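Raw model-v8.tsv, TSV, C-alpha atoms and all ligand atoms:
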chain	number	residue	atom	x	y	z
A	1	MET	CA	0.00	0.00	0.00
A	2	ASN	CA	0.93	3.66	-0.45
A	3	LYS	CA	3.98	3.40	-2.68
A	4	ASN	CA	3.41	6.53	-4.73
A	5	ALA	CA	2.63	9.42	-2.45
A	6	SER	CA	5.48	11.80	-3.39
A	7	ASN	CA	4.34	14.37	-5.91
A	8	GLU	CA	6.21	17.08	-7.82
A	9	LEU	CA	3.01	19.00	-8.68
A	10	LEU	CA	2.27	19.80	-5.05
A	11	GLU	CA	3.79	21.53	-2.09
A	12	VAL	CA	2.63	21.01	1.51
A	13	LYS	CA	1.94	24.23	3.44
A	14	GLN	CA	0.55	24.87	6.91
A	15	ASN	CA	-1.33	27.67	8.65
A	16	VAL	CA	-3.37	28.08	11.84
A	17	ILE	CA	-6.77	27.90	10.12
A	18	LEU	CA	-6.30	25.05	7.66
A	19	GLY	CA	-3.56	23.04	9.36
A	20	ARG	CA	-1.63	21.37	6.55
A	21	TYR	CA	-2.85	22.01	3.01
A	22	LEU	CA	-1.57	21.63	-0.54
A	23	ILE	CA	-0.69	24.23	-3.17
A	24	ALA	CA	0.26	23.85	-6.83
A	25	SER	CA	4.01	23.98	-7.46
A	26	ARG	CA	3.39	24.84	-11.16
A	27	ASP	CA	0.42	25.77	-13.36
A	28	ILE	CA	-1.90	22.76	-13.65
A	29	ALA	CA	-4.12	22.35	-16.72
A	30	PRO	CA	-7.85	21.49	-16.47
A	31	GLY	CA	-8.26	17.71	-16.55
A	32	GLU	CA	-4.70	17.03	-15.38
A	33	ILE	CA	-4.32	14.29	-12.74
A	34	ILE	CA	-2.70	15.79	-9.66
A	35	ILE	CA	-2.80	12.83	-7.26
A	36	ASN	CA	-3.08	9.10	-7.93
A	37	GLU	CA	-2.30	7.28	-4.70
A	38	SER	CA	-3.02	4.02	-2.93
A	39	PRO	CA	-4.38	4.07	0.64
A	40	LEU	CA	-2.28	4.14	3.79
A	41	ILE	CA	-5.08	2.12	5.45
A	42	LYS	CA	-8.40	0.75	4.33
A	43	GLY	CA	-11.10	-1.05	6.27
A	44	PRO	CA	-14.82	-1.47	6.79
A	45	SER	CA	-16.92	1.63	7.45
A	46	GLN	CA	-17.68	2.03	11.15
A	47	ILE	CA	-21.36	1.20	10.67
A	48	THR	CA	-21.58	-1.94	8.60
A	49	GLY	CA	-22.90	-5.45	8.51
A	50	PRO	CA	-20.42	-8.34	8.28
A	51	VAL	CA	-18.09	-7.94	5.30
A	52	CYS	CA	-15.25	-10.08	3.97
A	53	LEU	CA	-12.26	-8.57	5.76
A	54	SER	CA	-10.18	-9.01	2.65
A	55	CYS	CA	-12.23	-7.69	-0.31
A	56	LEU	CA	-14.62	-5.76	2.02
A	57	CYS	CA	-17.80	-6.94	0.21
A	58	ASN	CA	-21.01	-7.93	1.97
A	59	ILE	CA	-21.13	-11.53	3.19
A	60	ASN	CA	-23.71	-13.83	4.74
A	61	GLU	CA	-23.71	-17.28	6.29
A	62	GLN	CA	-24.01	-19.00	2.91
A	63	ASN	CA	-21.34	-17.19	0.90
A	64	SER	CA	-18.63	-16.96	3.59
A	65	LEU	CA	-15.96	-19.24	5.07
A	66	GLU	CA	-14.11	-18.73	8.34
A	67	CYS	CA	-10.43	-17.79	8.18
A	68	SER	CA	-8.64	-20.97	9.29
A	69	LYS	CA	-6.38	-18.99	11.65
A	70	CYS	CA	-8.67	-16.50	13.38
A	71	GLY	CA	-12.29	-17.43	12.58
A	72	TRP	CA	-13.28	-14.06	11.07
A	73	PRO	CA	-15.53	-14.87	8.10
A	74	LEU	CA	-14.15	-14.12	4.63
A	75	CYS	CA	-15.87	-14.62	1.30
A	76	LYS	CA	-15.36	-17.95	-0.45
A	77	ASN	CA	-12.94	-16.47	-2.98
A	78	GLN	CA	-9.62	-18.24	-2.27
A	79	ALA	CA	-7.65	-15.07	-3.04
A	80	CYS	CA	-9.26	-13.46	0.02
A	81	HIS	CA	-7.84	-16.22	2.25
A	82	VAL	CA	-4.22	-15.55	1.22
A	83	ASP	CA	-4.31	-11.77	0.79
A	84	ASN	CA	-2.68	-9.72	3.59
A	85	THR	CA	-5.41	-7.03	3.87
A	86	HIS	CA	-6.84	-9.01	6.79
A	87	GLU	CA	-3.48	-9.41	8.58
A	88	ALA	CA	-3.99	-6.88	11.42
A	89	GLU	CA	-7.15	-8.29	13.01
A	90	CYS	CA	-6.10	-11.87	12.11
A	91	ASN	CA	-2.76	-11.62	13.96
A	92	TRP	CA	-4.34	-9.70	16.82
A	93	THR	CA	-6.99	-12.41	17.22
A	94	VAL	CA	-4.46	-15.25	17.08
A	95	PHE	CA	-1.67	-13.76	19.20
A	96	LYS	CA	-3.38	-11.32	21.60
A	97	ARG	CA	-7.01	-12.43	21.90
A	98	ASN	CA	-5.93	-16.11	21.84
A	99	GLU	CA	-9.40	-17.22	20.88
A	100	LYS	CA	-11.04	-17.53	17.48
A	101	VAL	CA	-13.81	-15.11	16.58
A	102	LYS	CA	-17.25	-16.50	15.89
A	103	ILE	CA	-19.64	-14.28	13.94
A	104	LYS	CA	-23.04	-15.86	14.48
A	105	GLN	CA	-25.37	-13.26	13.06
A	106	PHE	CA	-25.05	-11.59	9.71
A	107	ILE	CA	-27.07	-8.55	10.67
A	108	THR	CA	-26.61	-4.89	9.76
A	109	PRO	CA	-25.14	-3.04	11.54
A	110	HIS	CA	-22.92	-5.54	13.35
A	111	ARG	CA	-21.20	-4.05	16.41
A	112	THR	CA	-18.07	-6.26	16.25
A	113	TYR	CA	-17.01	-4.69	12.96
A	114	GLU	CA	-16.98	-1.11	14.29
A	115	CYS	CA	-13.43	-1.42	15.61
A	116	ILE	CA	-11.72	-3.12	12.64
A	117	THR	CA	-10.37	-0.01	10.88
A	118	THR	CA	-9.12	1.34	14.20
A	119	ILE	CA	-7.26	-1.91	14.97
A	120	ARG	CA	-5.75	-1.82	11.47
A	121	CYS	CA	-4.35	1.64	12.26
A	122	LEU	CA	-3.00	0.64	15.70
A	123	TYR	CA	-1.35	-2.42	14.17
A	124	GLN	CA	0.87	-0.18	12.02
A	125	GLN	CA	2.72	1.14	15.06
A	126	GLU	CA	4.75	-2.07	15.26
A	127	LYS	CA	4.24	-3.53	11.81
A	128	ASN	CA	4.93	-0.48	9.69
A	129	PRO	CA	6.29	2.54	11.60
A	130	ASP	CA	6.54	4.58	8.39
A	131	ILE	CA	2.76	4.31	7.78
A	132	TRP	CA	2.12	4.87	11.52
A	133	GLN	CA	4.11	8.15	11.45
A	134	LYS	CA	2.10	9.36	8.43
A	135	LEU	CA	-1.17	8.41	10.10
A	136	ILE	CA	-0.59	10.10	13.42
A	137	LYS	CA	0.44	13.37	11.75
A	138	LEU	CA	-3.13	13.70	10.36
A	139	GLU	CA	-5.67	15.96	12.05
A	140	SER	CA	-7.76	14.20	14.74
A	141	HIS	CA	-9.58	17.18	16.31
A	142	SER	CA	-9.39	15.30	19.63
A	143	GLU	CA	-10.04	18.43	21.71
A	144	LYS	CA	-13.08	19.48	19.67
A	145	ARG	CA	-14.45	15.91	19.66
A	146	LYS	CA	-14.23	15.57	23.45
A	147	GLY	CA	-17.68	15.74	25.02
A	148	THR	CA	-19.54	15.12	21.75
A	149	GLU	CA	-21.94	12.20	21.37
A	150	LYS	CA	-19.63	10.67	18.75
A	151	TYR	CA	-16.61	10.83	21.08
A	152	GLU	CA	-18.57	9.12	23.88
A	153	SER	CA	-19.86	6.39	21.58
A	154	ASP	CA	-16.33	5.83	20.16
A	155	ARG	CA	-15.07	5.53	23.76
A	156	LEU	CA	-17.60	2.82	24.61
A	157	ILE	CA	-18.00	1.04	21.30
A	158	ILE	CA	-14.40	1.19	20.11
A	159	ALA	CA	-11.90	1.93	22.92
A	160	GLN	CA	-13.57	-0.13	25.66
A	161	PHE	CA	-14.42	-2.88	23.18
A	162	LEU	CA	-10.78	-3.12	22.02
A	163	TYR	CA	-9.63	-3.66	25.62
A	164	ARG	CA	-12.21	-6.40	26.20
A	165	PHE	CA	-12.35	-8.13	22.85
A	166	PHE	CA	-8.86	-7.76	21.37
A	167	LYS	CA	-7.10	-7.54	24.75
A	168	VAL	CA	-5.46	-4.27	23.69
A	169	ASN	CA	-3.02	-3.31	26.44
A	170	PRO	CA	-4.17	-0.03	28.09
A	171	GLU	CA	-0.57	0.68	29.08
A	172	GLN	CA	0.46	0.63	25.44
A	173	TRP	CA	-2.65	2.42	24.14
A	174	SER	CA	-4.59	4.69	26.48
A	175	GLU	CA	-8.23	5.58	25.77
A	176	ASP	CA	-7.02	8.97	24.50
A	177	ASP	CA	-4.62	7.29	22.03
A	178	ILE	CA	-7.38	5.07	20.65
A	179	LEU	CA	-9.82	7.98	20.44
A	180	LYS	CA	-7.19	10.01	18.58
A	181	ILE	CA	-7.11	7.26	15.95
A	182	CYS	CA	-10.93	7.29	15.81
A	183	GLY	CA	-10.72	11.06	15.18
A	184	ILE	CA	-8.10	10.58	12.43
A	185	ILE	CA	-10.39	8.08	10.69
A	186	GLN	CA	-13.41	10.38	11.04
A	187	ILE	CA	-11.63	13.53	9.79
A	188	ASN	CA	-9.50	11.98	7.04
A	189	GLY	CA	-11.34	8.85	5.92
A	190	HIS	CA	-12.69	8.82	2.36
A	191	GLU	CA	-15.74	6.70	1.61
A	192	VAL	CA	-14.76	4.42	-1.27
A	193	PRO	CA	-17.84	3.34	-3.26
A	194	LEU	CA	-16.12	0.44	-5.05
A	195	THR	CA	-17.74	-2.27	-2.95
A	196	ASN	CA	-21.18	-2.94	-1.51
A	197	PRO	CA	-21.17	-1.57	1.16
A	198	PRO	CA	-18.58	1.19	0.55
A	199	TYR	CA	-15.41	0.98	2.64
A	200	VAL	CA	-13.26	3.69	4.23
A	201	ALA	CA	-9.68	4.56	3.25
A	202	ILE	CA	-7.10	7.05	4.46
A	203	TYR	CA	-4.63	8.49	1.98
A	204	GLU	CA	-1.43	10.35	2.70
A	205	LEU	CA	-1.60	13.29	0.29
A	206	ALA	CA	-5.33	13.38	-0.44
A	207	SER	CA	-6.06	13.54	3.30
A	208	MET	CA	-4.23	16.91	3.33
A	209	LEU	CA	-6.52	18.47	0.73
A	210	GLU	CA	-8.59	21.36	2.03
A	211	HIS	CA	-12.30	21.80	1.49
A	212	SER	CA	-14.01	24.42	-0.65
A	213	CYS	CA	-17.68	24.58	-1.71
A	214	ILE	CA	-16.35	25.76	-5.11
A	215	PRO	CA	-13.39	23.36	-5.36
A	216	ASN	CA	-10.83	23.36	-8.16
A	217	CYS	CA	-10.50	19.55	-8.19
A	218	CYS	CA	-12.71	16.48	-8.21
A	219	LYS	CA	-12.03	12.99	-6.92
A	220	SER	CA	-12.63	9.52	-8.29
A	221	PHE	CA	-11.30	6.02	-7.59
A	222	SER	CA	-9.52	3.49	-9.78
A	223	ASN	CA	-10.74	-0.13	-9.68
A	224	GLU	CA	-7.76	-0.94	-7.42
A	225	GLY	CA	-8.87	1.67	-4.87
A	226	ASN	CA	-6.37	4.40	-5.79
A	227	LEU	CA	-7.74	7.85	-5.16
A	228	ILE	CA	-7.46	10.10	-8.20
A	229	ILE	CA	-7.59	13.87	-7.87
A	230	ARG	CA	-8.03	15.77	-11.12
A	231	ALA	CA	-8.01	19.53	-11.77
A	232	THR	CA	-11.42	20.77	-12.96
A	233	GLN	CA	-10.04	24.17	-14.01
A	234	LEU	CA	-6.71	25.90	-14.59
A	235	ILE	CA	-4.87	26.04	-11.26
A	236	LYS	CA	-2.10	28.63	-11.17
A	237	LYS	CA	1.23	27.98	-9.47
A	238	GLY	CA	0.88	28.80	-5.75
A	239	GLU	CA	-2.93	28.40	-5.63
A	240	ASN	CA	-4.53	26.16	-3.01
A	241	ILE	CA	-5.77	22.77	-4.17
A	242	SER	CA	-9.28	21.91	-2.94
A	243	ILE	CA	-12.01	19.31	-3.10
A	244	CYS	CA	-15.55	19.48	-1.72
A	245	TYR	CA	-15.99	17.42	1.48
A	246	SER	CA	-19.72	18.00	1.41
A	247	ASP	CA	-22.40	17.80	-1.27
A	248	PRO	CA	-22.16	20.92	-3.49
A	249	LEU	CA	-25.85	20.46	-4.36
A	250	TRP	CA	-26.87	21.09	-0.72
A	251	SER	CA	-27.74	24.55	0.57
A	252	THR	CA	-25.14	26.65	2.45
A	253	ILE	CA	-26.85	25.90	5.79
A	254	ASN	CA	-26.85	22.14	5.14
A	255	ARG	CA	-23.26	22.05	3.85
A	256	ASN	CA	-22.01	23.92	6.90
A	257	GLU	CA	-24.03	21.86	9.36
A	258	HIS	CA	-22.44	18.75	7.85
A	259	LEU	CA	-18.91	20.24	7.92
A	260	ILE	CA	-19.23	21.40	11.54
A	261	LEU	CA	-20.63	18.07	12.72
A	262	THR	CA	-18.21	15.82	10.87
A	263	LYS	CA	-15.04	17.90	10.25
A	264	TYR	CA	-15.29	20.56	13.00
A	265	PHE	CA	-14.92	23.73	10.93
A	266	HIS	CA	-17.11	26.40	9.40
A	267	CYS	CA	-16.47	27.02	5.71
A	268	LYS	CA	-15.55	30.59	4.75
A	269	CYS	CA	-15.12	30.06	1.02
A	270	LYS	CA	-16.32	32.68	-1.52
A	271	ARG	CA	-19.61	30.80	-1.99
A	272	CYS	CA	-20.39	30.47	1.73
A	273	THR	CA	-19.57	34.10	2.55
A	274	ASP	CA	-21.68	35.53	-0.29
A	275	PRO	CA	-25.44	35.47	0.55
A	276	THR	CA	-26.20	35.26	-3.20
A	277	GLU	CA	-23.75	32.35	-3.59
A	278	LEU	CA	-21.94	34.10	-6.47
A	279	GLY	CA	-25.19	35.39	-7.97
A	280	THR	CA	-26.80	31.93	-8.17
A	281	TYR	CA	-29.19	32.32	-5.18
A	282	TYR	CA	-28.67	28.57	-4.84
A	283	SER	CA	-29.97	28.34	-1.25
A	284	ALA	CA	-32.77	30.88	-1.71
A	285	VAL	CA	-36.36	29.90	-1.06
A	286	HIS	CA	-38.22	29.38	-4.32
A	287	CYS	CA	-41.71	30.76	-3.74
A	288	LEU	CA	-44.03	28.98	-6.14
A	289	ASN	CA	-46.94	31.23	-5.22
A	290	LYS	CA	-45.11	34.54	-5.60
A	291	TYR	CA	-47.94	36.23	-7.56
A	292	VAL	CA	-50.56	35.15	-5.01
A	293	PHE	CA	-48.23	36.37	-2.27
A	294	ILE	CA	-47.75	39.80	-3.90
A	295	LYS	CA	-51.50	40.14	-4.51
A	296	ASN	CA	-52.27	39.43	-0.86
A	297	ILE	CA	-50.03	42.11	0.70
B	1	LIG	C1	-8.93	16.04	5.86
B	1	LIG	S1	-8.21	17.15	7.00
B	1	LIG	C2	-7.17	18.08	5.98
B	1	LIG	C3	-5.74	18.00	6.48
B	1	LIG	C4	-5.50	18.77	7.76
B	1	LIG	N1	-5.47	20.18	7.45
B	1	LIG	C5	-4.22	18.31	8.43
B	1	LIG	O1	-3.38	19.15	8.78
B	1	LIG	O2	-4.08	17.09	8.69
B	1	LIG	C6	-9.59	18.18	7.31
B	1	LIG	C7	-9.34	19.26	8.30
B	1	LIG	O3	-8.60	20.34	7.69
B	1	LIG	C8	-9.14	21.60	8.09
B	1	LIG	N2	-9.78	22.25	6.93
B	1	LIG	C9	-9.89	21.75	5.68
B	1	LIG	N3	-10.50	22.63	4.86
B	1	LIG	C10	-10.80	23.71	5.59
B	1	LIG	C11	-11.43	24.97	5.31
B	1	LIG	N4	-11.88	25.28	4.10
B	1	LIG	N5	-11.55	25.84	6.33
B	1	LIG	C12	-11.09	25.56	7.57
B	1	LIG	N6	-10.48	24.40	7.91
B	1	LIG	C13	-10.33	23.48	6.93
B	1	LIG	C14	-10.18	21.29	9.15
B	1	LIG	O4	-9.54	21.30	10.40
B	1	LIG	C15	-10.62	19.89	8.79
B	1	LIG	O5	-11.20	19.19	9.86

As structure tokens, please, write out the structure in this file.
Ligand SMILES: C[S@@+](CC[C@H](N)C(=O)[O-])C[C@H]1O[C@@H](n2cnc3c(N)ncnc32)[C@H](O)[C@@H]1O
Amino acid sequence: MNKNASNELLEVKQNVILGRYLIASRDIAPGEIIINESPLIKGPSQITGPVCLSCLCNINEQNSLECSKCGWPLCKNQACHVDNTHEAECNWTVFKRNEKVKIKQFITPHRTYECITTIRCLYQQEKNPDIWQKLIKLESHSEKRKGTEKYESDRLIIAQFLYRFFKVNPEQWSEDDILKICGIIQINGHEVPLTNPPYVAIYELASMLEHSCIPNCCKSFSNEGNLIIRATQLIKKGENISICYSDPLWSTINRNEHLILTKYFHCKCKRCTDPTELGTYYSAVHCLNKYVFIKNI
């Protein structure tokens, strides 16, 4: 994973508002691919039913087979039983939990799967310190998350569960350490719609991209799960590179509610700070009965 993150089109910058962000190191033409990178980490979305922990597709009792080492169900495709995507939770189950996992119900959502992506991140500390260093540099917003409903549920459903189920050592990973990883996944995870259900992936460079409601780039995914960022307009040398974290077809109020709740910032882009949204009146109320209304006043 993540062999191709260096990039001569981009420069990493940092300021107090955005944290780290990316700028163009030369003029970039519309349509040009700026980033094409494999994930640092990928795993099931937090809320999911049982999925094959290798290919991350939906599974049920009939189309799955237990991993011979750890008991986690995988799909019947043999390739999924030899692939190393499932290594983190497999090794943790065999060597730390010391007891095979038995998934008895194939319901959605299934609580046991909520911690998988977090354990995959923690596993990198020993297995791959280079990936671990890249992960922990990402924004977690731990202070802003503290006290929120999401932080509390991550504490109970992920941190406490990891101590009980995977026998994670609290002296090696405190609750705060685990919750920092939960924050990193929440803030930087991209939903990858290549499987049913979609999975979540964290990328080194793409996770540094800032948000704008009028972004100059768009994102897509290759079949292999690489994230591809492409310029949608001419980007001049030195200009910030942005994508839209929210849905550009939502109103300003809805976009900002989503950004505050999930990414902990209020957008101050040109579109959000202009009540007319650049002359489009995109969030304005469309009064279908305007003539009746005028007549009545
Ligand atoms: C995916 S991370 C981007 C990388 C992050 N800046 C870092 O240093 O790791 C998303 C976070 O970057 C910051 N951010 C991104 N776009 C922003 C914007 N338009 N205005 C303010 N903060 C922004 C917010 O703190 C947000 O939660």

**Asked** Got a sec to check which residues lie within 7 Å of ligand LIG 1 (chain B), using only C-alpha atoms and all ligand atoms, and send them as a PyMOL selection string?
**Response** chain A and resi 17-21+137-139+141+187-188+207-212+263-269

Deliver the residues from the most recent selection as a file, using C-alpha atoms, as a compact mmCIF listing (two decimals), in the coordinates of the input.
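Okay, part33.txt is ready:
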# COMPACT_ATOMS: atom_id res chain seq x y z
CA ILE A 17 -6.77 27.90 10.12
CA LEU A 18 -6.30 25.05 7.66
CA GLY A 19 -3.56 23.04 9.36
CA ARG A 20 -1.63 21.37 6.55
CA TYR A 21 -2.85 22.01 3.01
CA LYS A 137 0.44 13.37 11.75
CA LEU A 138 -3.13 13.70 10.36
CA GLU A 139 -5.67 15.96 12.05
CA HIS A 141 -9.58 17.18 16.31
CA ILE A 187 -11.63 13.53 9.79
CA ASN A 188 -9.50 11.98 7.04
CA SER A 207 -6.06 13.54 3.30
CA MET A 208 -4.23 16.91 3.33
CA LEU A 209 -6.52 18.47 0.73
CA GLU A 210 -8.59 21.36 2.03
CA HIS A 211 -12.30 21.80 1.49
CA SER A 212 -14.01 24.42 -0.65
CA LYS A 263 -15.04 17.90 10.25
CA TYR A 264 -15.29 20.56 13.00
CA PHE A 265 -14.92 23.73 10.93
CA HIS A 266 -17.11 26.40 9.40
CA CYS A 267 -16.47 27.02 5.71
CA LYS A 268 -15.55 30.59 4.75
CA CYS A 269 -15.12 30.06 1.02

**Request:** Tell me, as a PyMOL selection string, which residues lie within 10 Å of A:Ala201, counting all atoms listed in the file; anything in the same chain fewer than 5 positions away does not count.
**Result:** chain A and resi 38-45+117+185+188-192+207+225-227

**Request:** Please identify all polymer residues within 9 Å of stretch 68-78 of chain A, counting all atoms listed in the file, omitting same-chain residues fewer than 6 positions from it, and present them as a ChimeraX atom specification.
**Result:** /A:50-61,89-94,98-103

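Coordinates place atom CA of A:Pro198 at a distance of 27.0 Å from atom CA of A:Lys144.
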
**One-decimal distance in Å that lies between atom CA of A:Gln124 and atom CA of A:Val16** =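 Those two atoms sit 28.6 Å apart.
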
Extending 3 Å beyond the listed atoms of stretch 17-26 of chain A on each side, what axis-aligned box results? I want centre and edge lengths in Å to one decimal, as AutoDock Vina command-line options.
--center_x -1.4 --center_y 24.6 --center_z -0.5 --size_x 16.8 --size_y 12.5 --size_z 27.3

**Message:** Which residues are close to A:Leu135, i.e. within 8 Å by all atoms listed in the file, leaving aside same-chain residues fewer than 3 positions away? Reply as a PyMOL selection string.
**Reply:** chain A and resi 40+121+131-132+138+184+204
